[in-house]
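Asker: See start-v5.txt below, with compact mmCIF, C-alpha atoms and all ligand atoms.
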# COMPACT_ATOMS: atom_id res chain seq x y z
CA MET A 1 -11.08 -16.10 -15.54
CA SER A 2 -13.70 -14.90 -13.06
CA THR A 3 -16.43 -12.67 -14.38
CA ILE A 4 -17.47 -11.55 -10.93
CA GLY A 5 -14.26 -9.86 -9.83
CA LEU A 6 -13.82 -9.56 -6.08
CA SER A 7 -17.47 -10.10 -5.29
CA GLY A 8 -17.83 -11.92 -1.97
CA GLN A 9 -14.24 -11.13 -0.96
CA ARG A 10 -13.27 -9.12 2.11
CA VAL A 11 -10.42 -6.71 1.54
CA CYS A 12 -8.64 -4.75 4.28
CA VAL A 13 -6.47 -1.77 3.33
CA THR A 14 -4.22 0.13 5.76
CA GLY A 15 -3.47 3.80 5.22
CA ALA A 16 -6.97 4.17 3.81
CA SER A 17 -7.72 7.79 4.69
CA ARG A 18 -6.08 9.32 1.60
CA GLY A 19 -3.77 8.74 -1.34
CA ILE A 20 -3.19 5.25 -2.70
CA GLY A 21 -4.98 3.55 0.20
CA ALA A 22 -8.23 5.51 -0.18
CA HIS A 23 -8.10 4.99 -3.94
CA ALA A 24 -7.46 1.26 -3.53
CA CYS A 25 -10.50 0.97 -1.24
CA GLU A 26 -12.65 2.44 -4.00
CA VAL A 27 -11.12 0.23 -6.70
CA PHE A 28 -11.74 -2.93 -4.66
CA ALA A 29 -15.25 -1.89 -3.64
CA ARG A 30 -16.14 -1.15 -7.27
CA ASP A 31 -14.95 -4.66 -8.16
CA GLY A 32 -17.47 -6.06 -5.70
CA ALA A 33 -15.41 -6.50 -2.53
CA GLN A 34 -16.49 -5.72 0.99
CA VAL A 35 -13.77 -3.28 2.06
CA LEU A 36 -12.42 -2.26 5.46
CA GLY A 37 -10.11 0.75 5.60
CA ILE A 38 -7.72 1.47 8.48
CA ALA A 39 -5.97 4.75 9.32
CA ARG A 40 -5.87 7.39 12.08
CA SER A 41 -7.90 10.23 10.53
CA ARG A 42 -11.55 9.60 11.38
CA ASP A 43 -12.95 12.49 9.33
CA GLU A 44 -11.22 11.46 6.10
CA LEU A 45 -12.22 7.83 6.60
CA ALA A 46 -15.82 8.86 7.29
CA ASP A 47 -15.87 11.06 4.16
CA LEU A 48 -14.74 8.11 2.07
CA ARG A 49 -17.39 5.90 3.66
CA GLU A 50 -20.07 8.44 2.84
CA ARG A 51 -18.90 8.75 -0.76
CA LEU A 52 -18.68 4.99 -1.34
CA THR A 53 -21.82 3.94 0.46
CA GLU A 54 -23.81 6.59 -1.44
CA GLN A 55 -22.82 4.65 -4.55
CA GLY A 56 -24.03 1.41 -3.00
CA LEU A 57 -20.50 0.13 -2.38
CA ALA A 58 -19.59 -1.95 0.69
CA TYR A 59 -17.11 0.01 2.78
CA ASP A 60 -16.47 0.59 6.45
CA PHE A 61 -13.47 1.76 8.44
CA ALA A 62 -11.64 1.46 11.74
CA THR A 63 -9.48 4.20 13.24
CA LEU A 64 -6.20 2.82 14.47
CA ASP A 65 -2.61 3.99 14.87
CA LEU A 66 -0.63 1.07 13.50
CA THR A 67 2.44 2.15 15.49
CA ALA A 68 0.61 2.27 18.84
CA PRO A 69 1.81 -0.24 21.46
CA ASP A 70 -1.61 -1.91 21.52
CA ALA A 71 -2.06 -1.96 17.71
CA GLY A 72 -1.58 -5.73 17.60
CA LYS A 73 -4.35 -6.34 20.10
CA GLN A 74 -6.67 -3.89 18.32
CA LEU A 75 -6.07 -5.58 14.97
CA GLU A 76 -6.63 -9.01 16.50
CA ALA A 77 -10.01 -7.82 17.80
CA LEU A 78 -10.85 -6.20 14.46
CA PHE A 79 -10.04 -9.36 12.51
CA THR A 80 -12.28 -11.54 14.63
CA GLY A 81 -15.25 -9.66 13.14
CA PHE A 82 -13.75 -9.10 9.68
CA VAL A 83 -11.48 -11.89 8.47
CA PRO A 84 -9.79 -10.49 5.36
CA ASP A 85 -9.38 -12.53 2.19
CA VAL A 86 -7.03 -9.83 0.94
CA PHE A 87 -4.86 -7.61 3.13
CA VAL A 88 -3.13 -4.55 1.67
CA ASN A 89 -0.21 -3.29 3.76
CA ASN A 90 -0.22 0.23 2.38
CA ALA A 91 0.35 2.72 5.23
CA GLY A 92 3.76 4.27 4.79
CA ALA A 93 5.78 7.44 5.21
CA THR A 94 8.97 9.07 3.99
CA LYS A 95 11.36 11.75 5.22
CA PRO A 96 13.90 12.59 2.53
CA ALA A 97 17.37 13.63 3.75
CA PRO A 98 20.98 12.99 2.76
CA PHE A 99 22.26 9.82 4.43
CA GLN A 100 24.75 11.75 6.57
CA ASP A 101 21.99 13.97 7.99
CA VAL A 102 19.39 11.33 8.90
CA SER A 103 18.50 11.59 12.58
CA ARG A 104 17.80 8.54 14.72
CA GLU A 105 14.34 9.97 15.36
CA ASP A 106 13.45 10.13 11.66
CA PHE A 107 15.05 6.74 10.99
CA ASP A 108 12.97 5.18 13.76
CA ARG A 109 9.74 6.89 12.67
CA VAL A 110 9.92 5.71 9.05
CA MET A 111 11.20 2.21 9.95
CA GLU A 112 8.54 1.89 12.64
CA LEU A 113 5.67 2.48 10.24
CA ASN A 114 6.98 1.09 6.94
CA VAL A 115 8.63 -2.05 8.30
CA ARG A 116 7.66 -2.87 11.89
CA ALA A 117 3.99 -1.84 11.76
CA GLY A 118 3.68 -3.25 8.23
CA PHE A 119 5.15 -6.56 9.37
CA PHE A 120 2.97 -6.99 12.45
CA SER A 121 -0.28 -5.65 10.99
CA THR A 122 0.15 -8.13 8.13
CA GLN A 123 0.93 -10.85 10.67
CA ALA A 124 -2.36 -10.11 12.47
CA ALA A 125 -4.26 -10.42 9.19
CA VAL A 126 -2.47 -13.65 8.26
CA ARG A 127 -3.16 -15.20 11.67
CA ALA A 128 -6.87 -14.47 11.19
CA MET A 129 -6.76 -15.95 7.67
CA ILE A 130 -5.05 -19.12 8.89
CA ALA A 131 -7.47 -19.50 11.80
CA ASN A 132 -10.43 -19.13 9.42
CA PRO A 133 -9.53 -21.08 6.29
CA ALA A 134 -12.95 -20.55 4.71
CA SER A 135 -11.80 -18.73 1.60
CA ALA A 136 -9.76 -20.44 -1.08
CA SER A 137 -8.44 -17.24 -2.61
CA ARG A 138 -6.34 -15.20 -0.22
CA ALA A 139 -3.67 -12.66 -0.87
CA ILE A 140 -1.36 -10.12 0.74
CA ILE A 141 -0.23 -7.02 -1.13
CA HIS A 142 2.65 -4.98 0.30
CA LEU A 143 2.82 -1.44 -1.04
CA GLY A 144 6.46 -1.34 -1.96
CA SER A 145 7.96 1.21 -4.32
CA MET A 146 10.28 1.39 -7.28
CA LEU A 147 12.66 2.47 -4.48
CA GLY A 148 12.52 -1.15 -3.34
CA HIS A 149 14.34 -1.94 -6.60
CA VAL A 150 16.54 1.08 -7.23
CA ALA A 151 17.58 4.14 -5.23
CA LEU A 152 17.53 7.91 -5.49
CA PRO A 153 19.56 10.49 -3.61
CA GLU A 154 18.31 11.43 -0.14
CA ARG A 155 16.13 8.32 0.18
CA SER A 156 18.34 6.02 2.27
CA VAL A 157 15.79 5.21 4.96
CA TYR A 158 12.80 5.00 2.63
CA ALA A 159 14.70 2.83 0.12
CA ALA A 160 15.88 0.58 2.97
CA THR A 161 12.29 0.08 4.12
CA LYS A 162 11.00 -0.65 0.63
CA HIS A 163 13.85 -3.07 -0.13
CA ALA A 164 12.94 -4.74 3.19
CA LEU A 165 9.36 -5.19 1.99
CA GLU A 166 10.61 -6.88 -1.18
CA GLY A 167 12.55 -9.39 0.92
CA LEU A 168 9.62 -9.83 3.26
CA THR A 169 7.36 -10.52 0.27
CA LYS A 170 9.56 -13.40 -0.87
CA ALA A 171 10.01 -14.90 2.60
CA MET A 172 6.30 -14.65 3.42
CA ALA A 173 5.37 -16.21 0.09
CA LEU A 174 7.33 -19.33 1.09
CA ASP A 175 5.88 -19.54 4.60
CA LEU A 176 2.30 -18.93 3.50
CA ALA A 177 2.09 -21.03 0.33
CA PRO A 178 1.08 -24.11 2.39
CA HIS A 179 -1.87 -22.03 3.63
CA GLY A 180 -2.89 -20.99 0.14
CA ILE A 181 -2.02 -17.35 0.76
CA ARG A 182 -0.24 -15.50 -2.04
CA VAL A 183 2.10 -12.63 -1.14
CA ASN A 184 3.21 -9.95 -3.58
CA ALA A 185 4.48 -6.40 -3.66
CA LEU A 186 3.19 -3.54 -5.77
CA ALA A 187 6.02 -1.15 -6.58
CA PRO A 188 4.90 2.18 -8.05
CA THR A 189 6.89 5.09 -9.36
CA TYR A 190 5.96 8.60 -8.18
CA ILE A 191 2.18 8.90 -7.99
CA GLU A 192 0.45 12.18 -7.19
CA THR A 193 -0.79 11.85 -3.58
CA PRO A 194 -0.54 13.89 -0.35
CA LEU A 195 2.71 12.00 0.38
CA THR A 196 4.42 13.21 -2.79
CA GLU A 197 2.71 16.60 -3.04
CA PRO A 198 5.50 18.50 -1.23
CA LEU A 199 8.01 17.06 -3.72
CA LEU A 200 5.92 17.26 -6.87
CA THR A 201 4.91 20.89 -6.38
CA ASP A 202 8.57 21.77 -7.10
CA PRO A 203 8.69 22.27 -10.92
CA ALA A 204 12.31 21.13 -11.08
CA PHE A 205 11.47 17.87 -9.29
CA ARG A 206 8.38 17.31 -11.48
CA LYS A 207 10.58 17.70 -14.54
CA PHE A 208 13.14 15.30 -13.10
CA VAL A 209 10.42 12.69 -12.50
CA SER A 210 8.83 12.99 -15.94
CA ASP A 211 12.23 13.06 -17.67
CA ARG A 212 13.21 9.82 -15.91
CA MET A 213 9.97 8.01 -16.84
CA PRO A 214 10.06 6.77 -20.43
CA MET A 215 6.26 6.42 -20.57
CA SER A 216 5.73 10.02 -19.46
CA THR A 217 3.59 12.00 -21.94
CA PRO A 218 2.44 15.63 -22.00
CA GLU A 219 -1.06 14.37 -21.07
CA ARG A 220 0.26 12.28 -18.18
CA PRO A 221 3.71 13.50 -17.19
CA ILE A 222 3.57 11.88 -13.72
CA GLY A 223 1.95 8.65 -12.50
CA GLU A 224 -1.67 8.95 -11.41
CA LEU A 225 -3.68 6.89 -8.95
CA ARG A 226 -5.64 5.20 -11.73
CA ASP A 227 -2.39 3.81 -13.12
CA LEU A 228 -2.40 1.38 -10.18
CA ASP A 229 -5.92 0.00 -10.69
CA GLY A 230 -5.05 -2.93 -12.95
CA ALA A 231 -2.16 -4.12 -10.78
CA LEU A 232 -4.20 -3.82 -7.57
CA LEU A 233 -7.04 -5.90 -8.99
CA PHE A 234 -4.70 -8.42 -10.59
CA LEU A 235 -2.78 -9.06 -7.38
CA ALA A 236 -5.89 -9.21 -5.19
CA ASP A 237 -7.94 -11.53 -7.38
CA SER A 238 -6.68 -15.10 -7.18
CA SER A 239 -8.78 -16.06 -10.19
CA ARG A 240 -6.54 -13.75 -12.23
CA SER A 241 -3.21 -14.27 -10.45
CA GLY A 242 -3.48 -17.65 -8.72
CA LEU A 243 0.11 -18.67 -9.49
CA VAL A 244 1.62 -15.25 -8.81
CA SER A 245 3.39 -15.17 -5.45
CA GLY A 246 6.68 -13.92 -4.03
CA THR A 247 7.15 -11.27 -6.67
CA SER A 248 6.79 -7.57 -7.30
CA VAL A 249 4.68 -5.81 -9.89
CA VAL A 250 6.57 -2.66 -10.81
CA VAL A 251 4.34 0.13 -12.14
CA ASP A 252 6.91 2.73 -13.06
CA GLY A 253 6.48 3.68 -16.71
CA GLY A 254 9.83 2.06 -17.49
CA TRP A 255 11.85 4.04 -14.90
CA THR A 256 13.76 1.04 -13.49
CA ALA A 257 14.43 -0.48 -16.93
CA GLN A 258 17.20 2.07 -17.48
N1 LIG B 1 2.70 8.21 -3.74
C1 LIG B 1 3.74 7.65 -4.30
O1 LIG B 1 4.37 8.20 -5.22
C2 LIG B 1 4.20 6.30 -3.86
C3 LIG B 1 5.12 5.64 -4.68
C4 LIG B 1 5.57 4.39 -4.30
C5 LIG B 1 5.10 3.81 -3.13
N2 LIG B 1 4.22 4.49 -2.34
C6 LIG B 1 3.78 3.84 -1.12
O2 LIG B 1 2.38 3.74 -1.12
C7 LIG B 1 1.88 3.83 0.21
C8 LIG B 1 0.84 4.94 0.29
O3 LIG B 1 1.43 6.14 -0.14
P1 LIG B 1 0.58 7.48 -0.35
O4 LIG B 1 1.32 8.29 -1.32
O5 LIG B 1 -0.84 7.14 -0.56
O6 LIG B 1 0.77 8.14 1.11
P2 LIG B 1 -0.15 9.23 1.88
O7 LIG B 1 -0.97 9.98 0.91
O8 LIG B 1 0.79 9.98 2.77
O9 LIG B 1 -1.08 8.31 2.78
C9 LIG B 1 -0.51 7.56 3.81
C10 LIG B 1 -1.61 6.80 4.52
O10 LIG B 1 -1.01 6.09 5.62
C11 LIG B 1 -1.77 6.36 6.80
N3 LIG B 1 -0.93 6.27 7.99
C12 LIG B 1 0.21 6.96 8.24
N4 LIG B 1 0.66 6.67 9.46
C13 LIG B 1 -0.21 5.77 10.01
C14 LIG B 1 -0.30 5.11 11.25
N5 LIG B 1 0.62 5.29 12.21
N6 LIG B 1 -1.34 4.27 11.48
C15 LIG B 1 -2.28 4.09 10.52
N7 LIG B 1 -2.25 4.69 9.31
C16 LIG B 1 -1.23 5.52 9.06
C17 LIG B 1 -2.31 7.77 6.57
O11 LIG B 1 -3.49 7.99 7.31
P3 LIG B 1 -3.60 8.77 8.71
O12 LIG B 1 -2.65 9.92 8.66
O13 LIG B 1 -5.04 9.12 8.73
O14 LIG B 1 -3.25 7.76 9.75
C18 LIG B 1 -2.66 7.72 5.09
O15 LIG B 1 -3.93 7.16 4.92
C19 LIG B 1 3.09 4.06 1.11
O16 LIG B 1 3.53 2.84 1.62
C20 LIG B 1 4.12 4.62 0.14
O17 LIG B 1 5.43 4.39 0.56
C21 LIG B 1 3.77 5.72 -2.68
Written as structure tokens, how would this file's structure read?
Ligand SMILES: NC(=O)c1ccc[n+]([C@@H]2O[C@H](COP(=O)([O-])OP(=O)(O)OC[C@H]3O[C@@H](n4cnc5c(N)ncnc54)[C@H](OP(=O)(O)O)[C@@H]3O)[C@@H](O)[C@H]2O)c1
Answerer:
Amino acid sequence: MSTIGLSGQRVCVTGASRGIGAHACEVFARDGAQVLGIARSRDELADLRERLTEQGLAYDFATLDLTAPDAGKQLEALFTGFVPDVFVNNAGATKPAPFQDVSREDFDRVMELNVRAGFFSTQAAVRAMIANPASASRAIIHLGSMLGHVALPERSVYAATKHALEGLTKAMALDLAPHGIRVNALAPTYIETPLTEPLLTDPAFRKFVSDRMPMSTPERPIGELRDLDGALLFLADSSRSGLVSGTSVVVDGGWTAQ
């Protein structure tokens, strides 16, 4: 096993301005990686850069709307200067509603980001990796969800997108194995972030989540960002997970075992 972690590796994370993406940038940078974060919110990205670079960590960002018509071209340009060894397809959104009430607009918005933009941003990263086969340890991590394995009421679109990412993970793993690129999904339970804040501020929903998670404790009733650190590092670091590809690491405190 490597003793130098991700030192010398370039890691690109989408959805890096807050939540899991911003946290993942810090985790990878602390492990020695040179990290590039992508999102739309310049101020939040700049704040993270200030915080990380003050600690001597290697982090920079690019502002980009992954759903913009020219996102592919922008990513292509970005990845000529920064060829990622690890690409984390993390940007995602949700809009809970009963199946019968889902509008075409909301369906398109969530599908557009979670599936279409995720697919093509990852494709841009993979094309850069294949064109620059310098690194021997390359990996893709799709931020899936436990809702890529099971469902909950009022999550039809979100669950469809996350199940799609699980299928994409397997298919990509087959196509990219000849290029030495591993592809996996990370599938968390509810984690406290800006995405889940509107849901988790409801005491009844908080209780539902902690009641459903066997590993919930009074000290940690709901999943926290730090609960993802080990899985993120494991999946990114080929010296720790070199034969792990086409699968999903579920970090759900036992939720989906029931
Ligand atoms: N939190 C959870 O409980 C949980 C559980 C399972 C899976 N996940 C998955 O984990 C991922 C991150 O979730 P989170 O909770 O950290 O969400 P979040 O706090 O809402 O953050 C979402 C990130 O995506 C970025 N983003 C949104 N639209 C974008 C666009 N068009 N172009 C570029 N960036 C965009 C946002 O930045 P800007 O607004 O600045 O663009 C933000 O940085 C998602 O895929 C989510 O489905 C989350």
Asker: Grab me every residue within 8 Å of ligand LIG 1 (chain B), counting only C-alpha atoms and all ligand atoms, and send it over as a PyMOL selection string.
Answerer: chain A and resi 14-22+38-42+44-45+63-68+89-94+113-114+117+142-147+158+162+187-196+223
Asker: Give me, please, the distance in Å between atom CA of A:Arg116 and atom CA of A:Leu176, quoted to one decimal.
Answerer: 18.9 Å
Asker: Closest to A:Leu243 among A:Ala131, A:Gly180, A:Ile222, A:Asp31, using only C-alpha atoms?
Answerer: A:Gly180
Asker: Using all atoms listed in the file, can you tell me which of A:Asn184, A:Thr201, A:Ser137, A:Ser156 comes closest to A:Val249?
Answerer: A:Asn184
Asker: Between A:Met172, A:Leu186, A:Ala77, A:Leu52, which is the closest to A:Phe119 once you count only C-alpha atoms?
Answerer: A:Met172
Asker: Atom CA of A:Ser245 and atom CA of A:Val183 are how many Å apart?
Answerer: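 Taking atom CA of A:Ser245 and atom CA of A:Val183, their separation equals 5.2 Å.
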Asker: Between A:Cys12, A:Val86, A:Val157, A:Met129, which is the closest to A:Arg104 once you count only C-alpha atoms?
Answerer: A:Val157
Asker: Mind checking which residues fall within 7 Å of A:Arg49, counting only C-alpha atoms, ignoring those fewer than 4 positions away in the same chain, and posting them as a VMD selection string?
Answerer: chain A and resid 45 53 59 to 60
Asker: Write the residues of the selection above to a file with C-alpha atoms, as a compact mmCIF listing (two decimals), in the coordinates of the input.
Answerer:
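What ended up in result-v7.txt:
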# COMPACT_ATOMS: atom_id res chain seq x y z
CA LEU A 45 -12.22 7.83 6.60
CA THR A 53 -21.82 3.94 0.46
CA TYR A 59 -17.11 0.01 2.78
CA ASP A 60 -16.47 0.59 6.45
Asker: Report, as lines of an AutoDock Vina configuration file, the centre and edge lengths in Å (one decimal) of the axis-aligned box enclosing every listed atom of stretch 212-221 of chain A, padded by 8 Å on each side.
Answerer:
center_x = 6.1
center_y = 11.0
center_z = -19.0
size_x = 30.3
size_y = 25.2
size_z = 22.1
